[in-house]
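Undergrad: Quick one: the structure is below, and I'll ask about it shortly.
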Amino acid sequence: MSKRVLDACCGGKMFYFDKDNPDVEFCDIREVDNLEYYPGRFLNVKPNTVSDFTNLPFEDGSFKVVVFDPPHLIHAGDKSWSRLKYGRLEEDWEDTLRDGFNECMRVLDDDGLMIFKWSEIQIPLRDILKIFQAEPLLGEKRGRNKNTHWLIFMKPASVQEVQSEKP
Ligand SMILES: C[S@@+](CC[C@H](N)C(=O)[O-])C[C@H]1O[C@@H](n2cnc3c(N)ncnc32)[C@H](O)[C@@H]1O
């Protein structure tokens, strides 16, 4: 993979200055064409690759940066705008998020960075960090209620490389 960045669940690509950036591999589990998810508001989900973040179709260590912004709601009506726009977690959400985090780490290069976003609306961030069993390098809270967390995780260099650097 020659692209340096993976977005494992890109949705409507709201983060991006260039939604067709050729250096980003955009993935999502669905494709959506102009869905009116709220009166007068439309959603397009146009991934390069339709894939499940719990089973990514990429080799180990393929990307320098991985963006992971999974669904954050467990309670949302089938037809609610938030489910239509962001998706919804199912009963096995803990396994889903753990497997997704581990897959994102697997395809990340040694010393690569993962950018993780979590909206603390129904599930506290501390529960998510327990599930990931990993400590972020740094983080920032945003939003009116300061409940949107942006975190950066760094993948440790492989044990072999660290050992070979010792005198
Ligand atoms: C919070 S939204 C992402 C929003 C996105 N960052 C944006 O800027 O619009 C979560 C996305 O995860 C996708 N998703 C849910 N389960 C997934 C899975 N198992 N694998 C890949 N994508 C998944 C949903 O389709 C949804 O588009």
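Ligands are numbered from 1 in the order shown, chains are lettered A, B, ... in the order of the structure tokens, and residues start at 1 in each chain.
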Taking only C-alpha atoms and all ligand atoms into account, which residues have an atom no farther than 8 Å from ligand 1? I'd like them as a ChimeraX atom specification.
TA: /A:8-16,27-31,45,50-54,68-72,85-89,96,100
Undergrad: Would you mind exporting C-alpha atoms of the selected residues as an mmCIF file, in the first residue's frame?
TA:
```cif
data_model
loop_
_atom_site.group_PDB
_atom_site.id
_atom_site.type_symbol
_atom_site.label_atom_id
_atom_site.label_comp_id
_atom_site.auth_asym_id
_atom_site.auth_seq_id
_atom_site.Cartn_x
_atom_site.Cartn_y
_atom_site.Cartn_z
ATOM 1 C CA ALA A 8 -10.684 2.827 9.173
ATOM 2 C CA CYS A 9 -14.286 4.160 9.277
ATOM 3 C CA CYS A 10 -14.340 7.392 7.280
ATOM 4 C CA GLY A 11 -18.117 8.006 7.155
ATOM 5 C CA GLY A 12 -18.746 11.396 5.524
ATOM 6 C CA LYS A 13 -15.003 12.365 5.768
ATOM 7 C CA MET A 14 -15.871 15.474 7.805
ATOM 8 C CA PHE A 15 -12.301 15.815 9.119
ATOM 9 C CA TYR A 16 -10.676 16.222 5.743
ATOM 10 C CA CYS A 27 -12.534 2.668 4.447
ATOM 11 C CA ASP A 28 -16.009 2.123 5.843
ATOM 12 C CA ILE A 29 -18.338 -0.834 6.239
ATOM 13 C CA ARG A 30 -20.979 0.833 4.047
ATOM 14 C CA GLU A 31 -21.472 2.991 0.984
ATOM 15 C CA VAL A 45 -20.133 7.659 2.410
ATOM 16 C CA VAL A 50 -15.601 -1.316 1.861
ATOM 17 C CA SER A 51 -14.215 -3.168 4.870
ATOM 18 C CA ASP A 52 -14.784 -4.031 8.505
ATOM 19 C CA PHE A 53 -12.374 -2.397 10.940
ATOM 20 C CA THR A 54 -12.288 -5.629 12.950
ATOM 21 C CA PHE A 68 -10.188 5.620 14.087
ATOM 22 C CA ASP A 69 -13.551 7.292 14.745
ATOM 23 C CA PRO A 70 -15.941 4.397 15.393
ATOM 24 C CA PRO A 71 -19.654 4.699 16.251
ATOM 25 C CA HIS A 72 -20.048 5.819 19.862
ATOM 26 C CA LYS A 85 -25.084 9.454 10.126
ATOM 27 C CA TYR A 86 -22.674 7.799 12.580
ATOM 28 C CA GLY A 87 -23.812 4.177 12.826
ATOM 29 C CA ARG A 88 -24.566 2.395 16.098
ATOM 30 C CA LEU A 89 -22.760 -0.127 18.269
ATOM 31 C CA THR A 96 -16.030 -4.788 18.360
ATOM 32 C CA GLY A 100 -11.067 -2.580 15.879
#
```
Undergrad: Using only C-alpha atoms, can you tell me which of A:Met105, A:Trp93, A:Asp33, A:Asn48 comes closest to Asp60 (chain A)?
TA: A:Met105
Undergrad: I want to know what sits within 12 Å of Phe42 (chain A), based on only C-alpha atoms, with residues of the same chain fewer than 5 positions away left out; could you give that as a list in words?
TA: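 Near neighbours after the sequence-gap exclusion: Gly12, Val32, Asp33, Asn34, Leu35, Glu36, Tyr37, Trp81, Leu84 and Lys85 of chain A.
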Undergrad: Store the residues picked out above in a file with C-alpha atoms, as a PDB file, in the first residue's frame.
TA:
```pdb
ATOM      1  CA  GLY A  12     -18.746  11.396   5.524  1.00  0.00           C
ATOM      2  CA  VAL A  32     -24.152   5.677   1.144  1.00  0.00           C
ATOM      3  CA  ASP A  33     -25.404   7.783  -1.729  1.00  0.00           C
ATOM      4  CA  ASN A  34     -26.964  11.126  -0.859  1.00  0.00           C
ATOM      5  CA  LEU A  35     -29.054   9.917   2.085  1.00  0.00           C
ATOM      6  CA  GLU A  36     -31.257  12.639   3.617  1.00  0.00           C
ATOM      7  CA  TYR A  37     -30.449  11.697   7.232  1.00  0.00           C
ATOM      8  CA  TRP A  81     -30.437  10.900  12.405  1.00  0.00           C
ATOM      9  CA  LEU A  84     -28.072   7.107  10.093  1.00  0.00           C
ATOM     10  CA  LYS A  85     -25.084   9.454  10.126  1.00  0.00           C
TER      11      LYS A  85
END
```
Undergrad: Ranking A:Arg144, A:His149, A:Arg98, A:Lys46 by minimum distance to Asp7 (chain A) and counting only C-alpha atoms, which one comes first?
TA: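 Going through A:Arg144, A:His149, A:Arg98, A:Lys46 one by one, the smallest distance to Asp7 (chain A) is for A:Lys46.
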Undergrad: Using DSSP assignments from the backbone, pull out every residue in chain A that falls under alpha helix (DSSP H) and give it to me as a ChimeraX atom specification.
TA: /A:81-86,93-107,125-132,159-164
Undergrad: Those same residues - C-alpha atoms - I'd like them written as an mmCIF file, in the first residue's frame.
TA:
```
data_model
loop_
_atom_site.group_PDB
_atom_site.id
_atom_site.type_symbol
_atom_site.label_atom_id
_atom_site.label_comp_id
_atom_site.auth_asym_id
_atom_site.auth_seq_id
_atom_site.Cartn_x
_atom_site.Cartn_y
_atom_site.Cartn_z
ATOM 1 C CA TRP A 81 -30.437 10.900 12.405
ATOM 2 C CA SER A 82 -27.508 10.043 14.660
ATOM 3 C CA ARG A 83 -27.666 6.334 13.780
ATOM 4 C CA LEU A 84 -28.072 7.107 10.093
ATOM 5 C CA LYS A 85 -25.084 9.454 10.126
ATOM 6 C CA TYR A 86 -22.674 7.799 12.580
ATOM 7 C CA TRP A 93 -19.672 -3.430 21.272
ATOM 8 C CA GLU A 94 -16.812 -4.107 23.679
ATOM 9 C CA ASP A 95 -15.433 -6.893 21.485
ATOM 10 C CA THR A 96 -16.030 -4.788 18.360
ATOM 11 C CA LEU A 97 -14.090 -1.798 19.701
ATOM 12 C CA ARG A 98 -11.281 -3.971 21.135
ATOM 13 C CA ASP A 99 -10.892 -5.845 17.845
ATOM 14 C CA GLY A 100 -11.067 -2.580 15.879
ATOM 15 C CA PHE A 101 -8.369 -0.946 18.022
ATOM 16 C CA ASN A 102 -6.113 -4.014 17.721
ATOM 17 C CA GLU A 103 -6.599 -4.146 13.936
ATOM 18 C CA CYS A 104 -5.770 -0.450 13.600
ATOM 19 C CA MET A 105 -2.601 -1.044 15.667
ATOM 20 C CA ARG A 106 -1.685 -4.090 13.553
ATOM 21 C CA VAL A 107 -1.750 -2.169 10.264
ATOM 22 C CA LEU A 125 -13.830 7.299 27.827
ATOM 23 C CA ARG A 126 -12.353 5.498 30.858
ATOM 24 C CA ASP A 127 -14.348 2.367 29.902
ATOM 25 C CA ILE A 128 -12.956 2.545 26.372
ATOM 26 C CA LEU A 129 -9.375 2.890 27.601
ATOM 27 C CA LYS A 130 -9.882 -0.173 29.820
ATOM 28 C CA ILE A 131 -11.044 -2.110 26.778
ATOM 29 C CA PHE A 132 -8.077 -0.949 24.660
ATOM 30 C CA VAL A 159 10.526 -5.627 20.768
ATOM 31 C CA GLN A 160 13.184 -6.959 18.386
ATOM 32 C CA GLU A 161 14.122 -3.474 17.135
ATOM 33 C CA VAL A 162 14.245 -2.005 20.630
ATOM 34 C CA GLN A 163 16.543 -4.848 21.769
ATOM 35 C CA SER A 164 18.845 -4.480 18.764
#
```
Undergrad: Residues of region 4-153 of chain A classed as strand (DSSP E) by DSSP on the backbone are to be reported as an MDAnalysis selection string.
TA: chainID A and resid 5:7 24:28 32:38 41:45 49:50 63:68 108:119 138:142 148:153
